[in-house]
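Shown next: start.tsv, containing TSV, C-alpha atoms.
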chain	number	residue	atom	x	y	z
J	1237	MET	CA	107.48	202.68	43.87
J	1238	ARG	CA	103.93	203.69	42.95
J	1239	ASP	CA	105.20	206.72	41.04
J	1240	ALA	CA	107.96	204.75	39.31
J	1241	LEU	CA	105.50	202.10	38.14
J	1242	ALA	CA	103.08	204.76	36.91
J	1243	LYS	CA	105.82	206.28	34.75
J	1244	THR	CA	106.29	203.04	32.81
J	1245	ASN	CA	102.92	203.61	31.09
J	1246	ARG	CA	102.25	199.89	31.28
J	1247	PRO	CA	99.34	198.07	32.99
J	1248	ILE	CA	100.84	196.73	36.24
J	1249	LEU	CA	99.09	195.34	39.30
J	1250	TYR	CA	100.92	196.72	42.33
J	1251	SER	CA	100.36	194.39	45.31
J	1252	LEU	CA	101.26	195.75	48.75
J	1253	CYS	CA	102.21	193.50	51.66
J	1254	GLN	CA	102.77	194.71	55.18
J	1255	TRP	CA	100.44	192.17	56.80
J	1256	GLY	CA	97.69	194.64	57.65
J	1257	ASN	CA	99.86	196.98	59.69
J	1258	ASP	CA	98.95	200.68	59.96
J	1259	LYS	CA	95.41	199.94	58.78
J	1260	VAL	CA	96.65	199.65	55.20
J	1261	TRP	CA	93.08	199.16	53.92
J	1262	THR	CA	92.38	202.84	54.74
J	1263	TRP	CA	95.11	204.20	52.44
J	1264	GLY	CA	96.25	201.32	50.21
J	1265	ASN	CA	94.02	202.34	47.30
J	1266	ALA	CA	96.03	205.55	46.88
J	1267	VAL	CA	99.25	203.54	46.52
J	1268	GLY	CA	98.55	200.12	45.02
J	1269	ASN	CA	95.90	197.78	43.64
J	1270	SER	CA	95.70	195.28	46.48
J	1271	TRP	CA	96.99	195.09	50.02
J	1272	ARG	CA	97.43	192.24	52.47
J	1273	ALA	CA	94.97	193.01	55.25
J	1274	THR	CA	96.09	190.38	57.79
J	1275	GLY	CA	98.97	188.23	58.92
J	1276	ASP	CA	99.91	185.12	56.96
J	1277	ILE	CA	97.26	182.46	56.45
J	1278	GLN	CA	97.85	179.01	57.98
J	1279	ASN	CA	96.64	175.65	56.68
J	1280	ASN	CA	93.91	175.10	59.28
J	1281	TRP	CA	90.29	176.00	59.93
J	1282	ASP	CA	91.10	178.36	62.82
J	1283	SER	CA	93.13	180.53	60.45
J	1284	ILE	CA	90.30	180.59	57.90
J	1285	VAL	CA	87.94	181.71	60.68
J	1286	LYS	CA	90.31	184.41	61.95
J	1287	ILE	CA	90.89	185.94	58.52
J	1288	GLY	CA	87.37	185.32	57.19
J	1289	SER	CA	85.75	187.00	60.18
J	1290	PHE	CA	88.02	190.02	59.82
J	1291	ALA	CA	87.10	190.29	56.13
J	1292	GLY	CA	83.58	191.09	57.26
J	1293	THR	CA	84.73	194.22	59.10
J	1294	ILE	CA	86.36	196.11	56.19
J	1295	PRO	CA	84.33	195.45	53.02
J	1296	SER	CA	83.81	199.13	52.21
J	1297	TYR	CA	87.52	199.59	51.48
J	1298	SER	CA	87.44	197.18	48.54
J	1299	GLY	CA	86.39	198.34	45.10
J	1300	PRO	CA	87.43	198.68	41.46
J	1301	GLY	CA	91.18	199.20	41.22
J	1302	GLY	CA	91.92	198.36	44.86
J	1303	PHE	CA	91.14	195.22	46.86
J	1304	ASN	CA	91.61	193.80	50.34
J	1305	ASP	CA	93.93	190.78	50.03
J	1306	PHE	CA	93.26	188.01	52.55
J	1307	ASP	CA	96.23	185.88	51.45
J	1308	MET	CA	96.58	182.83	49.26
J	1309	MET	CA	94.39	179.75	48.98
J	1310	GLU	CA	95.00	176.72	51.22
J	1311	VAL	CA	92.69	174.67	48.99
J	1312	GLY	CA	94.46	171.45	47.97
J	1313	ASN	CA	96.97	171.38	50.81
J	1314	GLY	CA	95.39	168.46	52.64
J	1315	LYS	CA	94.43	169.89	56.03
J	1316	LEU	CA	90.98	171.38	55.35
J	1317	THR	CA	87.91	169.20	54.79
J	1318	PRO	CA	86.11	169.54	51.45
J	1319	ALA	CA	83.42	171.57	53.23
J	1320	GLU	CA	86.05	173.89	54.72
J	1321	GLU	CA	87.71	174.28	51.34
J	1322	ARG	CA	84.37	175.33	49.83
J	1323	THR	CA	83.92	177.95	52.54
J	1324	HIS	CA	87.50	179.17	52.20
J	1325	PHE	CA	87.27	179.57	48.42
J	1326	GLY	CA	83.68	180.80	48.37
J	1327	LEU	CA	84.20	183.43	51.04
J	1328	TRP	CA	87.42	184.75	49.48
J	1329	CYS	CA	85.58	185.00	46.15
J	1330	ILE	CA	82.61	186.98	47.42
J	1331	VAL	CA	84.73	189.43	49.46
J	1332	LYS	CA	86.74	190.05	46.26
J	1333	SER	CA	90.10	188.96	47.64
J	1334	PRO	CA	92.71	188.24	44.98
J	1335	ILE	CA	92.61	184.47	44.36
J	1336	ILE	CA	96.19	183.18	44.44
J	1337	LEU	CA	96.75	179.42	44.50
J	1338	GLY	CA	99.22	178.01	46.99
J	1339	THR	CA	99.26	174.31	46.17
J	1340	ASP	CA	100.98	171.80	43.88
J	1341	LEU	CA	98.62	171.46	40.92
J	1342	THR	CA	100.29	168.20	39.88
J	1343	LYS	CA	99.07	166.59	43.11
J	1344	ILE	CA	95.75	168.32	43.75
J	1345	SER	CA	92.69	166.12	44.39
J	1346	THR	CA	89.71	166.02	42.05
J	1347	SER	CA	87.55	167.59	44.77
J	1348	SER	CA	89.91	170.50	45.39
J	1349	LEU	CA	90.46	171.04	41.67
J	1350	GLY	CA	86.71	171.26	41.14
J	1351	ILE	CA	86.47	173.98	43.78
J	1352	ILE	CA	89.14	176.26	42.31
J	1353	LYS	CA	87.81	175.75	38.76
J	1354	ASN	CA	84.27	176.86	39.69
J	1355	LYS	CA	83.47	179.31	36.91
J	1356	GLY	CA	80.48	180.81	38.70
J	1357	LEU	CA	82.48	181.73	41.78
J	1358	ILE	CA	85.39	183.04	39.73
J	1359	SER	CA	82.90	185.20	37.84
J	1360	VAL	CA	81.60	186.61	41.14
J	1361	ASN	CA	85.16	187.33	42.29
J	1362	GLN	CA	85.95	189.08	39.00
J	1363	ASP	CA	82.61	190.94	38.70
J	1364	SER	CA	83.10	194.39	37.17
J	1365	LEU	CA	81.28	196.18	40.00
J	1366	GLY	CA	84.10	195.09	42.31
J	1367	LYS	CA	82.13	195.46	45.56
J	1368	ALA	CA	82.87	193.10	48.45
J	1369	ALA	CA	80.16	191.09	50.19
J	1370	ALA	CA	79.59	191.76	53.89
J	1371	PRO	CA	77.76	190.06	56.75
J	1372	PHE	CA	74.10	191.00	57.20
J	1373	GLN	CA	71.78	190.09	60.07
J	1374	PRO	CA	68.40	188.63	59.10
J	1375	SER	CA	65.51	189.30	61.44
J	1376	GLY	CA	65.56	186.99	64.44
J	1377	LYS	CA	69.14	185.80	63.93
J	1378	PRO	CA	71.97	186.40	66.43
J	1379	ALA	CA	74.28	189.33	65.78
J	1380	PRO	CA	77.79	188.77	64.39
J	1381	VAL	CA	80.44	187.91	66.98
J	1382	SER	CA	83.97	189.30	66.75
J	1383	GLY	CA	86.49	186.67	65.65
J	1384	LYS	CA	83.84	184.30	64.31
J	1385	ILE	CA	82.70	183.89	60.70
J	1386	TYR	CA	79.08	184.98	60.40
J	1387	SER	CA	76.55	182.70	58.72
J	1388	TYR	CA	74.91	185.30	56.44
J	1389	TRP	CA	76.72	187.35	53.76
J	1390	ALA	CA	75.55	189.40	50.78
J	1391	GLY	CA	77.03	191.77	48.25
J	1392	PRO	CA	76.08	193.59	45.05
J	1393	LEU	CA	77.03	192.37	41.59
J	1394	SER	CA	76.82	194.13	38.25
J	1395	ASP	CA	73.91	191.84	37.36
J	1396	GLY	CA	72.38	190.94	40.72
J	1397	VAL	CA	73.34	190.05	44.27
J	1398	VAL	CA	75.47	187.27	45.75
J	1399	ILE	CA	74.39	185.56	48.99
J	1400	GLY	CA	76.63	183.34	51.09
J	1401	LEU	CA	75.31	180.96	53.75
J	1402	ILE	CA	77.84	179.26	56.06
J	1403	ALA	CA	77.22	176.47	58.59
J	1404	VAL	CA	79.75	177.75	61.10
J	1405	ASP	CA	79.01	175.73	64.25
J	1406	GLY	CA	77.69	172.45	62.87
J	1407	ALA	CA	75.42	170.91	60.25
J	1408	ALA	CA	72.49	173.25	59.67
J	1409	THR	CA	69.73	174.32	57.34
J	1410	LEU	CA	70.03	178.04	56.69
J	1411	SER	CA	67.35	180.12	54.99
J	1412	VAL	CA	66.85	183.77	54.20
J	1413	ASN	CA	63.97	185.73	52.71
J	1414	PHE	CA	65.00	188.11	49.94
J	1415	THR	CA	63.24	191.01	51.66
J	1416	GLN	CA	65.95	190.80	54.36
J	1417	VAL	CA	68.90	190.76	51.95
J	1418	PRO	CA	70.67	194.07	51.21
J	1419	GLY	CA	70.10	194.99	47.58
J	1420	LEU	CA	67.01	192.81	47.13
J	1421	GLY	CA	63.46	193.28	48.42
J	1422	ASP	CA	59.88	192.30	47.68
J	1423	GLY	CA	59.17	190.23	44.61
J	1424	THR	CA	60.26	187.04	42.91
J	1425	TYR	CA	63.89	186.46	42.00
J	1426	LYS	CA	65.73	183.74	40.12
J	1427	TRP	CA	68.73	182.11	41.75
J	1428	THR	CA	71.55	179.67	41.11
J	1429	GLU	CA	73.61	177.95	43.80
J	1430	LEU	CA	77.13	178.07	42.44
J	1431	TYR	CA	78.59	174.90	43.98
J	1432	SER	CA	75.75	172.49	43.20
J	1433	GLY	CA	74.42	174.21	40.10
J	1434	ALA	CA	70.87	174.00	41.47
J	1435	SER	CA	68.61	176.80	40.29
J	1436	GLY	CA	65.12	178.10	40.82
J	1437	SER	CA	63.05	181.15	41.57
J	1438	GLY	CA	61.03	182.48	44.47
J	1439	THR	CA	61.16	184.83	47.43
J	1440	SER	CA	63.87	183.07	49.46
J	1441	VAL	CA	66.76	180.61	49.36
J	1442	SER	CA	67.67	177.77	51.69
J	1443	ALA	CA	70.61	175.38	52.02
J	1444	THR	CA	71.16	172.24	54.08
J	1445	LEU	CA	74.87	172.18	54.89
J	1446	ASP	CA	77.39	170.02	56.68
J	1447	ARG	CA	79.60	171.50	59.40
J	1448	HIS	CA	81.80	174.34	58.08
J	1449	ASP	CA	80.25	174.16	54.60
J	1450	MET	CA	79.03	177.03	52.44
J	1451	ALA	CA	76.40	177.66	49.79
J	1452	VAL	CA	76.75	180.62	47.42
J	1453	PHE	CA	73.70	181.92	45.56
J	1454	LYS	CA	73.72	184.31	42.64
J	1455	VAL	CA	70.37	186.10	42.63
J	1456	SER	CA	68.80	188.34	39.99
J	1457	LYS	CA	65.40	189.63	38.96
J	1458	ALA	CA	63.11	186.95	37.58
Starting from the file, give its structure as structure tokens.
Amino acid sequence: MRDALAKTNRPILYSLCQWGNDKVWTWGNAVGNSWRATGDIQNNWDSIVKIGSFAGTIPSYSGPGGFNDFDMMEVGNGKLTPAEERTHFGLWCIVKSPIILGTDLTKISTSSLGIIKNKGLISVNQDSLGKAAAPFQPSGKPAPVSGKIYSYWAGPLSDGVVIGLIAVDGAATLSVNFTQVPGLGDGTYKWTELYSGASGSGTSVSATLDRHDMAVFKVSKA
């Protein structure tokens, strides 16, 4: 199929789906442009956790022309809280999963519609560098646990770095100094939080979040 599509001399996105079998992320880039890395998503938080945590284990296999696909959006389908929908959409965006809607847009709520229309997050997902964010462990924080979404994520962008902070276990205030973020370091940086639109500059970012909520910061040199 790959060879037949190539012979058409037309731009075609070839999406592979074998539900993550045979470690498709290790060879999918030689065959197609995206590959389902897991089983089917379900419309509940446990499924978001299962897939989202796994996304943090294979970020290096995603890049320009070939992306890990963590299945369609459950945003708007009525089972996730608004906070959980923000984490679902935000995490899929920063790990560069294809964003495919799986809801009835004639019935979607204003809250859910606002999430999927977030231009800042879509821009991060579509960034030309194409590199997926990954968990990172700030000094003094517990290590990632298998099967559980980690609270701290970061990834490079063509014009900066994206940072994701997730209140996994309950309401929390999460902070990180830029010296501990991969791709940043000493100095002052400007930042914008992409859900709230808040912006500022400094040497760190912090977010006070409800249970299962996420903040996404785009950071660049001041």
Name the residues, using the chain letters and numbers of the file, that sit within 9 Å of (102.2, 187.0, 59.6) when counting all atoms listed in the file, and give them as a CSV table (one decimal) with C-alpha atoms, in the frame of the given file.
chain,number,residue,atom,x,y,z
J,1254,GLN,CA,102.8,194.7,55.2
J,1255,TRP,CA,100.4,192.2,56.8
J,1274,THR,CA,96.1,190.4,57.8
J,1275,GLY,CA,99.0,188.2,58.9
J,1276,ASP,CA,99.9,185.1,57.0
J,1277,ILE,CA,97.3,182.5,56.4
*Leaving out range 1314-1329 of chain J and any residue of its chain fewer than 5 positions from it, which residues lie within 6 Å of it when counting all atoms listed in the file, given as a list in words?*
Asn1361, His1448, Asp1449 and Met1450 of chain J
*Point out the residue among J:Leu1365, J:Thr1428, J:Asp1405, J:Thr1415 with the least atom-to-atom distance to Asp1446 in chain J, counting all atoms listed in the file.*
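When distances to Asp1446 in chain J are compared using all atoms listed in the file, the smallest one comes from J:Asp1405.
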*Record the distance separating CA of Ala1443 in chain J and CA of Pro1371 in chain J, expressed in Å with one decimal.*
17.0 Å
*asked:* For a quick check of understanding, using only C-alpha atoms, which of J:Leu1445, J:Val1381, J:Ile1294, J:Leu1420 has the smallest distance to Ala1407 in chain J?
replied: J:Leu1445
*When distances are computed from all atoms listed in the file, which of J:Ala1368, J:Ile1402, J:Leu1252, J:Val1412 shows the smallest separation from Asn1265 in chain J?*
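Ranking J:Ala1368, J:Ile1402, J:Leu1252, J:Val1412 by distance to Asn1265 in chain J, first place goes to J:Leu1252.
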*Calculate how many Å separate CA of Lys1332 in chain J from CA of Ala1370 in chain J, rounding to one decimal.*
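Computing it gives 10.6 Å between the two atoms.
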How close does range 1276-1349 of chain J get to range 1372-1380 of chain J? List, as CSV, each residue of range 1276-1349 of chain J within 12 Å, its nearest atom pair and the distance in Å to one decimal, counting only C-alpha atoms.
residue,atom,partner,partner_atom,distance
J:Ser1289,CA,J:Pro1380,CA,9.2
J:Phe1290,CA,J:Pro1380,CA,11.3
J:Gly1292,CA,J:Pro1380,CA,9.5
J:Thr1293,CA,J:Pro1380,CA,10.3
J:Pro1295,CA,J:Phe1372,CA,11.9
Dump C-alpha atoms for the selected residues as an mmCIF file, keeping the file's coordinate frame?
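Listing of part_3.cif after writing:
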data_model
loop_
_atom_site.group_PDB
_atom_site.id
_atom_site.type_symbol
_atom_site.label_atom_id
_atom_site.label_comp_id
_atom_site.auth_asym_id
_atom_site.auth_seq_id
_atom_site.Cartn_x
_atom_site.Cartn_y
_atom_site.Cartn_z
ATOM 1 C CA SER J 1289 85.750 187.000 60.180
ATOM 2 C CA PHE J 1290 88.020 190.020 59.820
ATOM 3 C CA GLY J 1292 83.580 191.090 57.260
ATOM 4 C CA THR J 1293 84.730 194.220 59.100
ATOM 5 C CA PRO J 1295 84.330 195.450 53.020
#
*Among listed residues J:Ile1351, J:Ala1369, J:Ile1284, J:Cys1253, nearest Val1404 in chain J (using all atoms listed in the file)*: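 Answer, going by the shortest atom-to-atom distance: J:Ile1284.
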_What's the separation between CA of Arg1272 in chain J and CA of Gly1256 in chain J, in Å to one decimal place?_
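If I compute the distance from CA of Arg1272 in chain J to CA of Gly1256 in chain J, I get 5.7 Å.
Each of J:Pro1392, J:Gly1423, J:Gly1406, J:Gly1438 was checked against Lys1454 in chain J using only C-alpha atoms; the smallest atom-to-atom distance is that of J:Pro1392.
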*List the neighbours of Asn1313 in chain J out to 9 Å using only C-alpha atoms; skip same-chain residues closer than 2 positions along the sequence, and give me the result as a PyMOL selection string.*
chain J and resi 1279+1309-1311+1315-1316+1338-1340+1344+1348
N, CA and C atoms restored at range 1260-1292 of chain J, emitted as a PDB file, keeping the file's coordinate frame:
ATOM      1  N   VAL J1260      96.335 199.408  56.614  1.00  0.00           N
ATOM      2  CA  VAL J1260      96.650 199.650  55.200  1.00  0.00           C
ATOM      3  C   VAL J1260      95.398 199.745  54.336  1.00  0.00           C
ATOM      4  N   TRP J1261      94.304 199.119  54.719  1.00  0.00           N
ATOM      5  CA  TRP J1261      93.080 199.160  53.920  1.00  0.00           C
ATOM      6  C   TRP J1261      92.516 200.582  53.837  1.00  0.00           C
ATOM      7  N   THR J1262      92.899 201.476  54.768  1.00  0.00           N
ATOM      8  CA  THR J1262      92.380 202.840  54.740  1.00  0.00           C
ATOM      9  C   THR J1262      93.125 203.747  53.774  1.00  0.00           C
ATOM     10  N   TRP J1263      94.315 203.354  53.346  1.00  0.00           N
ATOM     11  CA  TRP J1263      95.110 204.200  52.440  1.00  0.00           C
ATOM     12  C   TRP J1263      95.723 203.443  51.262  1.00  0.00           C
ATOM     13  N   GLY J1264      95.600 202.114  51.248  1.00  0.00           N
ATOM     14  CA  GLY J1264      96.250 201.320  50.210  1.00  0.00           C
ATOM     15  C   GLY J1264      95.794 201.663  48.810  1.00  0.00           C
ATOM     16  N   ASN J1265      94.536 202.076  48.647  1.00  0.00           N
ATOM     17  CA  ASN J1265      94.020 202.340  47.300  1.00  0.00           C
ATOM     18  C   ASN J1265      94.702 203.538  46.638  1.00  0.00           C
ATOM     19  N   ALA J1266      95.309 204.413  47.442  1.00  0.00           N
ATOM     20  CA  ALA J1266      96.030 205.550  46.880  1.00  0.00           C
ATOM     21  C   ALA J1266      97.441 205.184  46.445  1.00  0.00           C
ATOM     22  N   VAL J1267      97.870 203.955  46.800  1.00  0.00           N
ATOM     23  CA  VAL J1267      99.250 203.540  46.520  1.00  0.00           C
ATOM     24  C   VAL J1267      99.297 202.353  45.561  1.00  0.00           C
ATOM     25  N   GLY J1268      98.488 201.336  45.816  1.00  0.00           N
ATOM     26  CA  GLY J1268      98.550 200.120  45.020  1.00  0.00           C
ATOM     27  C   GLY J1268      97.175 199.625  44.607  1.00  0.00           C
ATOM     28  N   ASN J1269      97.143 198.381  44.121  1.00  0.00           N
ATOM     29  CA  ASN J1269      95.900 197.780  43.640  1.00  0.00           C
ATOM     30  C   ASN J1269      95.343 196.706  44.554  1.00  0.00           C
ATOM     31  N   SER J1270      96.173 196.193  45.447  1.00  0.00           N
ATOM     32  CA  SER J1270      95.700 195.280  46.480  1.00  0.00           C
ATOM     33  C   SER J1270      96.664 195.378  47.657  1.00  0.00           C
ATOM     34  N   TRP J1271      96.174 194.967  48.823  1.00  0.00           N
ATOM     35  CA  TRP J1271      96.990 195.090  50.020  1.00  0.00           C
ATOM     36  C   TRP J1271      96.632 193.957  50.987  1.00  0.00           C
ATOM     37  N   ARG J1272      97.647 193.278  51.470  1.00  0.00           N
ATOM     38  CA  ARG J1272      97.430 192.240  52.470  1.00  0.00           C
ATOM     39  C   ARG J1272      96.859 192.892  53.723  1.00  0.00           C
ATOM     40  N   ALA J1273      95.702 192.391  54.142  1.00  0.00           N
ATOM     41  CA  ALA J1273      94.970 193.010  55.250  1.00  0.00           C
ATOM     42  C   ALA J1273      95.205 192.309  56.586  1.00  0.00           C
ATOM     43  N   THR J1274      95.894 191.165  56.570  1.00  0.00           N
ATOM     44  CA  THR J1274      96.090 190.380  57.790  1.00  0.00           C
ATOM     45  C   THR J1274      97.471 189.742  57.788  1.00  0.00           C
ATOM     46  N   GLY J1275      97.783 189.062  58.879  1.00  0.00           N
ATOM     47  CA  GLY J1275      98.970 188.230  58.920  1.00  0.00           C
ATOM     48  C   GLY J1275      98.844 187.046  57.978  1.00  0.00           C
ATOM     49  N   ASP J1276      99.895 186.245  57.888  1.00  0.00           N
ATOM     50  CA  ASP J1276      99.910 185.120  56.960  1.00  0.00           C
ATOM     51  C   ASP J1276      98.853 184.080  57.298  1.00  0.00           C
ATOM     52  N   ILE J1277      98.220 183.542  56.272  1.00  0.00           N
ATOM     53  CA  ILE J1277      97.260 182.460  56.450  1.00  0.00           C
ATOM     54  C   ILE J1277      97.997 181.176  56.835  1.00  0.00           C
ATOM     55  N   GLN J1278      97.329 180.323  57.605  1.00  0.00           N
ATOM     56  CA  GLN J1278      97.850 179.010  57.980  1.00  0.00           C
ATOM     57  C   GLN J1278      96.912 177.936  57.432  1.00  0.00           C
ATOM     58  N   ASN J1279      97.416 176.740  57.282  1.00  0.00           N
ATOM     59  CA  ASN J1279      96.640 175.650  56.680  1.00  0.00           C
ATOM     60  C   ASN J1279      95.798 174.944  57.727  1.00  0.00           C
ATOM     61  N   ASN J1280      94.840 175.689  58.319  1.00  0.00           N
ATOM     62  CA  ASN J1280      93.910 175.100  59.280  1.00  0.00           C
ATOM     63  C   ASN J1280      92.650 175.941  59.362  1.00  0.00           C
ATOM     64  N   TRP J1281      91.589 175.340  59.884  1.00  0.00           N
ATOM     65  CA  TRP J1281      90.290 176.000  59.930  1.00  0.00           C
ATOM     66  C   TRP J1281      90.317 177.237  60.821  1.00  0.00           C
ATOM     67  N   ASP J1282      91.046 177.203  61.927  1.00  0.00           N
ATOM     68  CA  ASP J1282      91.100 178.360  62.820  1.00  0.00           C
ATOM     69  C   ASP J1282      91.624 179.596  62.090  1.00  0.00           C
ATOM     70  N   SER J1283      92.593 179.406  61.206  1.00  0.00           N
ATOM     71  CA  SER J1283      93.130 180.530  60.450  1.00  0.00           C
ATOM     72  C   SER J1283      92.111 181.065  59.451  1.00  0.00           C
ATOM     73  N   ILE J1284      91.367 180.164  58.812  1.00  0.00           N
ATOM     74  CA  ILE J1284      90.300 180.590  57.900  1.00  0.00           C
ATOM     75  C   ILE J1284      89.273 181.424  58.653  1.00  0.00           C
ATOM     76  N   VAL J1285      88.918 180.985  59.851  1.00  0.00           N
ATOM     77  CA  VAL J1285      87.940 181.710  60.680  1.00  0.00           C
ATOM     78  C   VAL J1285      88.483 183.082  61.059  1.00  0.00           C
ATOM     79  N   LYS J1286      89.724 183.137  61.516  1.00  0.00           N
ATOM     80  CA  LYS J1286      90.310 184.410  61.950  1.00  0.00           C
ATOM     81  C   LYS J1286      90.325 185.428  60.823  1.00  0.00           C
ATOM     82  N   ILE J1287      90.789 185.004  59.646  1.00  0.00           N
ATOM     83  CA  ILE J1287      90.890 185.940  58.520  1.00  0.00           C
ATOM     84  C   ILE J1287      89.504 186.212  57.925  1.00  0.00           C
ATOM     85  N   GLY J1288      88.698 185.151  57.776  1.00  0.00           N
ATOM     86  CA  GLY J1288      87.370 185.320  57.190  1.00  0.00           C
ATOM     87  C   GLY J1288      86.480 186.230  58.013  1.00  0.00           C
ATOM     88  N   SER J1289      86.559 186.126  59.330  1.00  0.00           N
ATOM     89  CA  SER J1289      85.750 187.000  60.180  1.00  0.00           C
ATOM     90  C   SER J1289      86.202 188.445  60.054  1.00  0.00           C
ATOM     91  N   PHE J1290      87.516 188.648  59.965  1.00  0.00           N
ATOM     92  CA  PHE J1290      88.020 190.020  59.820  1.00  0.00           C
ATOM     93  C   PHE J1290      87.604 190.621  58.485  1.00  0.00           C
ATOM     94  N   ALA J1291      87.525 189.790  57.445  1.00  0.00           N
ATOM     95  CA  ALA J1291      87.100 190.290  56.130  1.00  0.00           C
ATOM     96  C   ALA J1291      85.744 190.976  56.206  1.00  0.00           C
ATOM     97  N   GLY J1292      84.911 190.512  57.120  1.00  0.00           N
ATOM     98  CA  GLY J1292      83.580 191.090  57.260  1.00  0.00           C
ATOM     99  C   GLY J1292      83.553 192.455  57.909  1.00  0.00           C
TER     100      GLY J1292
END
